[in-house]
Structure formats: structure tokens, C-alpha cells
file protein19.cif (mmCIF, C-alpha atoms)
data_structure
loop_
_atom_site.label_atom_id
_atom_site.label_comp_id
_atom_site.auth_asym_id
_atom_site.auth_seq_id
_atom_site.Cartn_x
_atom_site.Cartn_y
_atom_site.Cartn_z
CA MET A 1 -178.76 -20.66 -25.70
CA ASN A 2 -180.64 -23.90 -25.31
CA LYS A 3 -177.93 -25.43 -23.15
CA LEU A 4 -178.02 -22.49 -20.81
CA LEU A 5 -181.80 -22.71 -20.52
CA LEU A 6 -181.53 -26.39 -19.75
CA LEU A 7 -178.93 -25.63 -17.11
CA LEU A 8 -181.18 -23.00 -15.50
CA ALA A 9 -184.14 -25.35 -15.52
CA GLY A 10 -181.90 -28.06 -14.06
CA ILE A 11 -180.74 -25.83 -11.22
CA PHE A 12 -184.33 -24.84 -10.50
CA PHE A 13 -185.67 -28.36 -10.38
CA ALA A 14 -182.63 -29.64 -8.48
CA SER A 15 -183.17 -26.99 -5.80
CA VAL A 16 -186.81 -28.01 -5.54
CA ALA A 17 -185.78 -31.64 -5.28
CA THR A 18 -183.21 -31.05 -2.52
CA ALA A 19 -185.71 -28.99 -0.55
CA GLN A 20 -188.04 -31.93 -0.73
CA ASP A 21 -185.40 -34.39 0.53
CA LYS A 22 -185.17 -32.73 3.92
CA VAL A 23 -188.87 -32.35 4.50
CA GLU A 24 -191.42 -34.70 3.06
CA MET A 25 -192.74 -33.41 -0.24
CA ALA A 26 -196.36 -33.61 0.73
CA ASP A 27 -195.62 -31.40 3.74
CA VAL A 28 -193.89 -28.71 1.70
CA MET A 29 -196.61 -28.41 -0.88
CA ARG A 30 -199.40 -28.47 1.72
CA SER A 31 -197.87 -26.11 4.30
CA ASN A 32 -198.71 -22.42 4.80
CA GLY A 33 -202.11 -22.67 3.20
CA LYS A 34 -200.62 -24.37 0.13
CA ILE A 35 -199.01 -21.12 -1.01
CA TYR A 36 -196.12 -23.09 -2.54
CA VAL A 37 -198.54 -24.57 -5.05
CA VAL A 38 -199.36 -21.05 -6.24
CA VAL A 39 -195.67 -20.23 -6.49
CA ALA A 40 -195.05 -23.40 -8.51
CA VAL A 41 -197.96 -22.66 -10.84
CA CYS A 42 -196.81 -19.08 -11.45
CA LEU A 43 -193.23 -20.22 -12.04
CA THR A 44 -194.40 -22.84 -14.53
CA ILE A 45 -196.36 -20.22 -16.47
CA LEU A 46 -193.42 -17.81 -16.36
CA ILE A 47 -190.93 -20.44 -17.51
CA GLY A 48 -193.27 -21.53 -20.30
CA LEU A 49 -193.75 -17.97 -21.51
CA ILE A 50 -190.05 -17.17 -21.39
CA LEU A 51 -189.09 -20.36 -23.25
CA TYR A 52 -191.65 -19.38 -25.90
CA MET A 53 -190.12 -15.89 -26.10
CA PHE A 54 -186.67 -17.39 -26.58
CA SER A 55 -187.93 -19.61 -29.39
CA ILE A 56 -189.53 -16.61 -31.16
CA ASP A 57 -186.31 -14.70 -30.60
CA LYS A 58 -184.32 -17.47 -32.27
CA LYS A 59 -186.70 -17.66 -35.23
CA ILE A 60 -186.35 -13.92 -35.80
CA SER A 61 -182.55 -14.20 -35.57
CA ARG A 62 -182.66 -16.87 -38.28
CA LEU A 63 -184.82 -14.62 -40.51
CA GLU A 64 -182.38 -11.77 -39.95
CA LYS A 65 -179.49 -13.93 -41.11
CA ASP A 66 -181.38 -14.95 -44.27
CA LYS A 67 -181.75 -11.46 -45.69
CA MET B 1 -175.23 -15.10 -26.38
CA HIS B 2 -173.34 -12.07 -25.06
CA LYS B 3 -176.08 -9.79 -26.40
CA ASN B 4 -178.83 -11.74 -24.65
CA TRP B 5 -177.64 -11.48 -21.04
CA TRP B 6 -180.36 -8.98 -20.14
CA LYS B 7 -183.07 -11.35 -21.35
CA ILE B 8 -181.80 -14.02 -18.96
CA LEU B 9 -181.47 -11.36 -16.27
CA SER B 10 -185.12 -10.44 -16.81
CA PHE B 11 -186.12 -14.09 -16.47
CA LEU B 12 -184.10 -14.56 -13.27
CA ILE B 13 -185.46 -11.37 -11.72
CA LEU B 14 -189.03 -12.45 -12.53
CA VAL B 15 -188.42 -15.85 -10.93
CA TYR B 16 -187.10 -14.00 -7.86
CA THR B 17 -190.13 -11.68 -7.96
CA ILE B 18 -192.58 -14.56 -7.91
CA VAL B 19 -190.77 -16.62 -5.27
CA ALA B 20 -189.87 -13.74 -2.95
CA GLY B 21 -193.08 -11.87 -3.75
CA PHE B 22 -195.25 -14.75 -2.60
CA LEU B 23 -193.14 -16.06 0.25
CA LEU B 24 -191.36 -13.18 2.01
CA PRO B 25 -193.17 -11.57 4.94
CA VAL B 26 -195.18 -8.41 4.28
CA PRO B 27 -196.65 -5.85 6.70
CA LYS B 28 -199.94 -7.04 8.16
CA LEU B 29 -202.54 -4.41 7.34
CA PHE B 30 -206.30 -4.28 7.51
CA ILE B 31 -208.25 -4.29 4.24
CA LEU B 32 -205.13 -4.99 2.18
CA ASN B 33 -204.15 -8.25 3.88
CA GLU B 34 -202.14 -10.38 1.46
CA THR B 35 -203.19 -8.30 -1.54
CA ILE B 36 -200.35 -5.95 -0.62
CA ARG B 37 -198.23 -8.37 -2.65
CA ASN B 38 -199.92 -6.95 -5.75
CA LEU B 39 -197.35 -4.18 -5.41
CA TYR B 40 -194.87 -6.51 -7.13
CA PHE B 41 -197.19 -7.09 -10.07
CA HIS B 42 -199.86 -4.42 -10.52
CA VAL B 43 -197.68 -1.41 -9.67
CA CYS B 44 -194.80 -2.79 -11.75
CA MET B 45 -197.07 -2.70 -14.81
CA TRP B 46 -197.50 1.06 -14.39
CA PHE B 47 -193.80 1.64 -13.78
CA GLY B 48 -192.98 -0.50 -16.82
CA MET B 49 -195.53 1.39 -18.90
CA MET B 50 -193.98 4.71 -17.93
CA ILE B 51 -190.47 3.54 -18.82
CA LEU B 52 -191.60 2.05 -22.17
CA PHE B 53 -193.49 5.26 -23.07
CA THR B 54 -190.37 7.24 -22.19
CA ILE B 55 -188.31 5.13 -24.61
CA SER B 56 -191.01 5.62 -27.26
CA PHE B 57 -190.92 9.38 -26.66
CA VAL B 58 -187.12 9.49 -27.02
CA TYR B 59 -187.28 7.68 -30.36
CA SER B 60 -190.05 9.98 -31.62
CA VAL B 61 -187.82 12.95 -30.84
CA LYS B 62 -184.95 11.17 -32.59
CA TYR B 63 -187.19 10.57 -35.61
CA LEU B 64 -188.06 14.25 -35.84
CA SER B 65 -184.40 15.25 -35.63
CA GLY B 66 -183.22 13.07 -38.51
CA PHE B 67 -186.31 11.57 -40.19
CA GLN B 68 -184.90 8.09 -40.05
CA TYR B 69 -187.70 5.62 -40.68
CA ARG B 70 -186.26 3.04 -38.27
CA ASN B 71 -186.72 5.43 -35.34
CA ASP B 72 -190.43 5.66 -36.17
CA ILE B 73 -190.72 1.86 -36.10
CA ILE B 74 -188.96 1.72 -32.72
CA ALA B 75 -191.13 4.49 -31.25
CA SER B 76 -194.42 2.93 -32.36
CA ASN B 77 -193.55 -0.55 -31.10
CA PHE B 78 -192.48 0.72 -27.68
CA ALA B 79 -195.76 2.65 -27.49
CA THR B 80 -197.63 -0.57 -28.31
CA VAL B 81 -195.98 -2.58 -25.56
CA GLY B 82 -196.31 0.35 -23.14
CA SER B 83 -200.06 0.42 -23.83
CA LEU B 84 -200.22 -3.33 -23.29
CA PHE B 85 -198.61 -2.86 -19.87
CA GLY B 86 -201.06 -0.05 -19.11
CA ILE B 87 -204.03 -2.23 -20.03
CA LEU B 88 -202.67 -5.05 -17.85
CA GLY B 89 -202.21 -2.54 -15.02
CA TYR B 90 -205.81 -1.44 -15.43
CA LEU B 91 -207.20 -4.98 -15.50
CA THR B 92 -205.23 -6.04 -12.42
CA GLY B 93 -206.38 -2.84 -10.74
CA PHE B 94 -210.02 -3.82 -11.33
CA LEU B 95 -209.45 -7.12 -9.58
CA TRP B 96 -207.69 -5.48 -6.68
CA VAL B 97 -210.38 -2.80 -6.28
CA SER B 98 -213.18 -5.31 -6.22
CA VAL B 99 -211.87 -7.08 -3.11
CA THR B 100 -210.36 -4.18 -1.15
CA TRP B 101 -211.99 -0.80 -1.72
CA VAL B 102 -215.39 -2.00 -2.84
CA THR B 103 -216.10 -4.89 -0.49
CA ASP B 104 -213.81 -4.39 2.52
CA GLN B 105 -213.48 -0.62 2.73
CA GLY B 106 -217.17 -0.16 2.03
CA GLN B 107 -216.65 2.27 -0.84
CA SER B 108 -219.54 2.45 -3.25
CA PHE B 109 -218.79 1.62 -6.84
CA GLY B 110 -219.57 5.24 -7.68
CA SER B 111 -216.86 6.60 -5.41
CA VAL B 112 -214.36 4.16 -6.91
CA LEU B 113 -215.25 5.43 -10.37
CA LYS B 114 -214.46 8.97 -9.16
CA GLU B 115 -210.97 7.83 -8.17
CA PRO B 116 -208.69 10.34 -9.95
CA LYS B 117 -206.00 7.82 -10.75
CA LEU B 118 -208.51 5.60 -12.53
CA ILE B 119 -209.79 8.51 -14.60
CA GLY B 120 -206.28 9.84 -15.23
CA ALA B 121 -204.96 6.46 -16.36
CA ALA B 122 -208.01 5.99 -18.60
CA ILE B 123 -207.38 9.39 -20.22
CA ALA B 124 -203.69 8.56 -20.70
CA LEU B 125 -204.45 5.19 -22.28
CA LEU B 126 -207.15 6.69 -24.53
CA ILE B 127 -204.67 9.32 -25.72
CA TYR B 128 -202.30 6.51 -26.66
CA GLY B 129 -205.25 4.70 -28.27
CA ALA B 130 -205.73 7.74 -30.48
CA TYR B 131 -202.04 7.48 -31.40
CA PHE B 132 -202.66 4.08 -32.98
CA VAL B 133 -205.85 5.32 -34.69
CA LEU B 134 -203.83 8.23 -36.08
CA ARG B 135 -201.07 5.93 -37.33
CA GLY B 136 -203.59 3.66 -38.99
CA SER B 137 -205.28 6.47 -40.86
CA PHE B 138 -202.32 7.46 -43.03
CA MET B 139 -201.47 5.86 -46.35
CA ASP B 140 -198.33 7.89 -46.82
CA ILE B 141 -195.51 6.46 -44.72
CA ASP B 142 -193.52 9.69 -44.30
CA LYS B 143 -196.55 11.68 -43.32
CA ARG B 144 -197.63 8.95 -40.91
CA ALA B 145 -194.22 8.88 -39.26
CA ARG B 146 -194.01 12.65 -38.92
CA VAL B 147 -197.51 13.29 -37.63
CA SER B 148 -197.46 10.35 -35.25
CA ALA B 149 -194.04 11.34 -33.87
CA VAL B 150 -195.39 14.81 -33.06
CA TYR B 151 -198.53 13.30 -31.58
CA ASN B 152 -196.49 10.83 -29.53
CA ILE B 153 -194.67 13.74 -27.88
CA PHE B 154 -198.03 15.27 -26.98
CA ALA B 155 -199.28 11.93 -25.64
CA PHE B 156 -196.18 11.53 -23.48
CA VAL B 157 -196.47 15.04 -22.07
CA MET B 158 -200.14 14.39 -21.27
CA LEU B 159 -199.10 11.46 -19.06
CA PHE B 160 -197.72 13.89 -16.49
CA PRO B 161 -200.88 15.80 -15.60
CA SER B 162 -203.14 12.78 -15.99
CA ILE B 163 -201.32 10.16 -13.95
CA TRP B 164 -198.69 12.03 -11.93
CA ILE B 165 -199.96 15.48 -11.00
CA ILE B 166 -203.77 15.50 -10.77
CA PRO B 167 -204.12 12.36 -8.57
CA ARG B 168 -201.69 14.03 -6.14
CA LEU B 169 -203.65 17.28 -6.03
CA VAL B 170 -207.06 15.83 -5.28
CA GLY B 171 -207.89 13.12 -2.78
CA SER B 172 -207.29 9.59 -3.98
CA LEU B 173 -208.07 6.17 -2.64
CA HIS B 174 -204.56 5.15 -3.57
CA PRO B 175 -202.24 5.14 -0.56
CA GLY B 176 -200.09 8.17 0.08
CA ALA B 177 -202.40 10.68 -1.58
CA PRO B 178 -203.45 13.81 0.33
CA GLY B 179 -206.86 13.31 1.85
CA GLY B 180 -206.50 9.56 1.66
CA ASP B 181 -207.48 7.96 4.94
CA SER B 182 -205.49 4.81 4.31
CA GLY B 183 -202.13 4.88 6.00
CA ASN B 184 -200.84 2.01 3.91
CA PRO B 185 -197.31 1.88 2.63
CA ALA B 186 -197.29 3.65 -0.69
CA LEU B 187 -194.63 4.51 -3.16
CA ASP B 188 -193.32 7.10 -0.79
CA LYS B 189 -189.92 5.49 -0.28
CA ASN B 190 -189.97 6.28 3.43
CA GLN B 191 -193.29 4.52 3.87
CA LEU B 192 -192.49 1.41 1.89
CA ASP B 193 -191.46 -1.50 4.08
CA ALA B 194 -187.77 -2.47 3.75
CA THR B 195 -188.43 -6.09 2.79
CA MET B 196 -190.99 -5.01 0.23
CA ARG B 197 -188.51 -2.57 -1.28
CA MET B 198 -186.06 -5.47 -1.69
CA VAL B 199 -188.56 -7.20 -3.96
CA PHE B 200 -190.31 -4.21 -5.51
CA TYR B 201 -187.36 -2.44 -7.14
CA PRO B 202 -185.95 -5.59 -8.81
CA ALA B 203 -189.51 -6.46 -9.87
CA VAL B 204 -189.85 -3.13 -11.70
CA ILE B 205 -186.58 -3.82 -13.53
CA GLY B 206 -187.58 -7.40 -14.36
CA TRP B 207 -191.01 -6.53 -15.76
CA THR B 208 -189.61 -3.57 -17.70
CA LEU B 209 -186.87 -5.71 -19.25
CA LEU B 210 -189.56 -8.20 -20.29
CA GLY B 211 -191.47 -5.35 -21.97
CA VAL B 212 -188.32 -4.15 -23.72
CA TRP B 213 -187.69 -7.71 -24.90
CA ILE B 214 -191.21 -8.03 -26.38
CA ALA B 215 -190.79 -4.61 -28.03
CA THR B 216 -187.43 -5.56 -29.58
CA LEU B 217 -188.97 -8.74 -31.00
CA LYS B 218 -191.73 -6.67 -32.62
CA ILE B 219 -189.21 -4.13 -33.88
CA ARG B 220 -187.02 -6.82 -35.44
CA ILE B 221 -190.04 -8.29 -37.24
CA SER B 222 -190.91 -4.81 -38.55
CA PHE B 223 -187.32 -4.35 -39.73
CA ILE B 224 -187.48 -7.63 -41.63
CA ASN B 225 -190.86 -6.73 -43.16
CA ASP B 226 -189.82 -3.20 -44.11
CA LYS B 227 -186.25 -3.90 -45.13
CA LYS B 228 -186.85 -2.45 -48.60
CA LEU B 229 -187.98 0.85 -47.11
CA LEU B 230 -185.12 0.90 -44.64
CA ASN B 231 -182.45 0.32 -47.26
CA GLU B 232 -183.61 3.20 -49.44
#
call {"tool": "encode", "arguments": {"input": "protein19.cif", "output": "C-alpha cells"}}
result
Amino acid sequence: MNKLLLLLAGIFFASVATAQDKVEMADVMRSNGKIYVVVAVCLTILIGLILYMFSIDKKISRLEKDK
Amino acid sequence: MHKNWWKILSFLILVYTIVAGFLLPVPKLFILNETIRNLYFHVCMWFGMMILFTISFVYSVKYLSGFQYRNDIIASNFATVGSLFGILGYLTGFLWVSVTWVTDQGQSFGSVLKEPKLIGAAIALLIYGAYFVLRGSFMDIDKRARVSAVYNIFAFVMLFPSIWIIPRLVGSLHPGAPGGDSGNPALDKNQLDATMRMVFYPAVIGWTLLGVWIATLKIRISFINDKKLLNE
């Protein structure tokens, strides 16, 4: 589970990084009225929430095994 | 791992929803402007709520047909998460109203309060609120499960007049309603822009799966807490 999450996060950040190689990073984040900043903020919140959900999920699975 | 594929699917769809929802082109319309993108978030809350309430309804019917306590737990937790989605839909609706109908369309606050979908959704959510009051007022578990299962069926049936039928009969500020002067793309599938449909339908699935996931977490905790009752 954790490995897969790491892989997903890796793919996400790698894709961001490659996009920034072609165009200068400052340009990407400041273009189109800085909408990409909003996207990045929302994605960060989403990823944080989902990682938290997975950790709760795992704790409950452990409790289920204990009984 | 093999059982969790839909949780990852939900995550990936939500990532797609945010990226495509913010970045893909949308129809340029007066009053709505960029807020049309709320379709991927606000409207999905209502769709998700409807689907979660439907699941809750199915498990209430299942409870009444076999009196299995676990079905009552499942029904009540899906109703909880459905209500949460409804409340989120309502709150996001407030925000959206305050910058489109009230300020830009020049509607008075009074006419917004007369909006049938607002009243209907409030009635529907209050009926579900009463469901939780009802559940909380029983000491006897069997009686609680039976009465609340019957009530849950009533609450689900009441969703149809309050949020589906009545707002369509009388004029509504929501797009697509008869008497509405806004010719904005609504949930009429012929009116909805093709690019928006490409994001909207996956978004509904993604948000709903997230709701189902939260509900299953709550259900599993209830199962652990009530394992004595369930094993009897």
C-alpha cells in the first residue's frame, strides 16, 4: 500500500518537474493568472487528506485482525 | 491490495477532477464566468448525496427483510455521510449564490431565499436530521433499528418531491428550470458542454467513491465496537 502511494506521489512530482524543465518554473506558476498555484494547493490538500484516509484505513484493518 | 483498487481509483479521479476542472476550457458565460467550474464540486456533492442516500435506503430495506443488525449499521452510516455531502453542497451553494445571483444577477436576498431548490434541499436535510434525532432517542437497539429503518425509507421517498419534482414544477434560479431566464448549461445532458461532461461525470464517480470510502471506514469501526452484538 505504502509503496504504491509513494510511486503515485513520485509520478506526480516527476511530471511536475519535467513540465518545469521545458519552461522556466517561475513562468509556469505565474502564468494564466497564477491558476496553477490554486491547482497545486488543492492537489496538496487532496493528497494530504487521502494519505490520512489510507492511514486510518490501515489502523482499522489492524484492529479487525486483532479480534 | 486487490480490495482497495477503488480507493486508489477515487484518488486518481479526484486528482483528474481538480487538474482538468481548473485548467480545461469552459464556456464563457455572463454572470457565471469561471464559477461554472463549481459544477465539478458543488453539483457533485448533491449527486454523491443522492447515491449515498440510495445505498442507505437499500440497506434499510434489507434490514427490514431479515432484521440483521449489521444492515442497520450500514444504513445509518451511509445516511450520515450522505448528510455530510448534503451539508457541504449547501455551504458551497451559499458561496456560489453570493457572487452570482445576489451580486451579479441583481437578485435580492429575499428572492434567493424563495428559490425552491434551496427550500427543498433544506427540507430534505432536515428530514434526515430528524432521522438521527430519532435514532438517538431509543435505548433499545432492536426498536431503534426497526423504527429508524422505516423512517429512513420515508426520508428517502421524501427526497423525490423536495429536491427532484417541486423545483422542476415552479420557476427556479437554477439553470434549466422552467421559467428560469438563465440559459446556462444545466444538467440537461444536451445543454451541458462536451468538455465539461468529460470532467463532470468522472467527478461524480470520484466524489461518490470518496463518500463510500468514508462510510465504509465508519461502518468498520462500528463493527469492531459492536462485535459482541453482531456475533449473537
call {"tool": "resolve_selection", "arguments": {"input": "protein19.cif", "expression": "the PyMOL selection byres ((chain B) within 8 of (chain A))", "output": "PyMOL selection string"}}
result
chain B and resi 1+11+14-15+18-19+22-23+214+217+220-221+224
call {"tool": "atom_distance", "arguments": {"input": "protein19.cif", "atom1": "atom CA of Cys44 of chain B", "atom2": "atom CA of Leu169 of chain B"}}
result
22.7 Å
call {"tool": "atom_distance", "arguments": {"input": "protein19.cif", "atom1": "atom CA of Ile127 of chain B", "atom2": "atom CA of Thr80 of chain B"}}
result
12.4 Å
call {"tool": "resolve_selection", "arguments": {"input": "protein19.cif", "expression": "the PyMOL selection byres ((chain B and resi 25-40) around 10)", "output": "MDAnalysis selection string"}}
result
chainID B and resid 14 17:18 20:24 41:45 92:93 96 99:101 103:105 182:187 192:197 199:204 207
call {"tool": "atom_distance", "arguments": {"input": "protein19.cif", "atom1": "atom CA of Lys3 of chain A", "atom2": "atom CA of Val41 of chain A"}}
result
23.7 Å
call {"tool": "axis_aligned_box", "arguments": {"input": "protein19.cif", "around": "segment 39-55 of chain A", "padding_each_side": "3 Å", "output": "AutoDock Vina command-line options"}}
result
--center_x -192.3 --center_y -19.6 --center_z -17.9 --size_x 17.3 --size_y 13.5 --size_z 28.9
call {"tool": "resolve_selection", "arguments": {"input": "protein19.cif", "expression": "the PyMOL selection byres ((chain B and resi 7) around 10)", "output": "list in words"}}
result
Ile50, Met53 and Phe54 of chain A; Lys3, Asn4, Trp5, Trp6, Ile8, Leu9, Ser10, Phe11, Leu12, Ile13, Gly206, Leu209, Leu210, Val212 and Trp213 of chain B
call {"tool": "write_last_selection", "arguments": {"input": "protein19.cif", "atoms": "C-alpha atoms", "output": "PDB file, in the frame of the given file"}}
result
ATOM      1  CA  ILE A  50    -190.050 -17.170 -21.390  1.00  0.00           C
ATOM      2  CA  MET A  53    -190.120 -15.890 -26.100  1.00  0.00           C
ATOM      3  CA  PHE A  54    -186.670 -17.390 -26.580  1.00  0.00           C
TER       4      PHE A  54
ATOM      5  CA  LYS B   3    -176.080  -9.790 -26.400  1.00  0.00           C
ATOM      6  CA  ASN B   4    -178.830 -11.740 -24.650  1.00  0.00           C
ATOM      7  CA  TRP B   5    -177.640 -11.480 -21.040  1.00  0.00           C
ATOM      8  CA  TRP B   6    -180.360  -8.980 -20.140  1.00  0.00           C
ATOM      9  CA  ILE B   8    -181.800 -14.020 -18.960  1.00  0.00           C
ATOM     10  CA  LEU B   9    -181.470 -11.360 -16.270  1.00  0.00           C
ATOM     11  CA  SER B  10    -185.120 -10.440 -16.810  1.00  0.00           C
ATOM     12  CA  PHE B  11    -186.120 -14.090 -16.470  1.00  0.00           C
ATOM     13  CA  LEU B  12    -184.100 -14.560 -13.270  1.00  0.00           C
ATOM     14  CA  ILE B  13    -185.460 -11.370 -11.720  1.00  0.00           C
ATOM     15  CA  GLY B 206    -187.580  -7.400 -14.360  1.00  0.00           C
ATOM     16  CA  LEU B 209    -186.870  -5.710 -19.250  1.00  0.00           C
ATOM     17  CA  LEU B 210    -189.560  -8.200 -20.290  1.00  0.00           C
ATOM     18  CA  VAL B 212    -188.320  -4.150 -23.720  1.00  0.00           C
ATOM     19  CA  TRP B 213    -187.690  -7.710 -24.900  1.00  0.00           C
TER      20      TRP B 213
END
call {"tool": "closest_residue", "arguments": {"input": "protein19.cif", "among": "B:Ile51, B:Ala145, B:Leu173, B:Leu64", "to": "Leu113 of chain B", "atoms": "only C-alpha atoms"}}
result
B:Leu173
call {"tool": "residues_around", "arguments": {"input": "protein19.cif", "residues": "Ile74 of chain B", "least_positions_apart": "6", "cutoff": "12 Å", "atoms": "only C-alpha atoms", "output": "count of residues only"}}
result
28
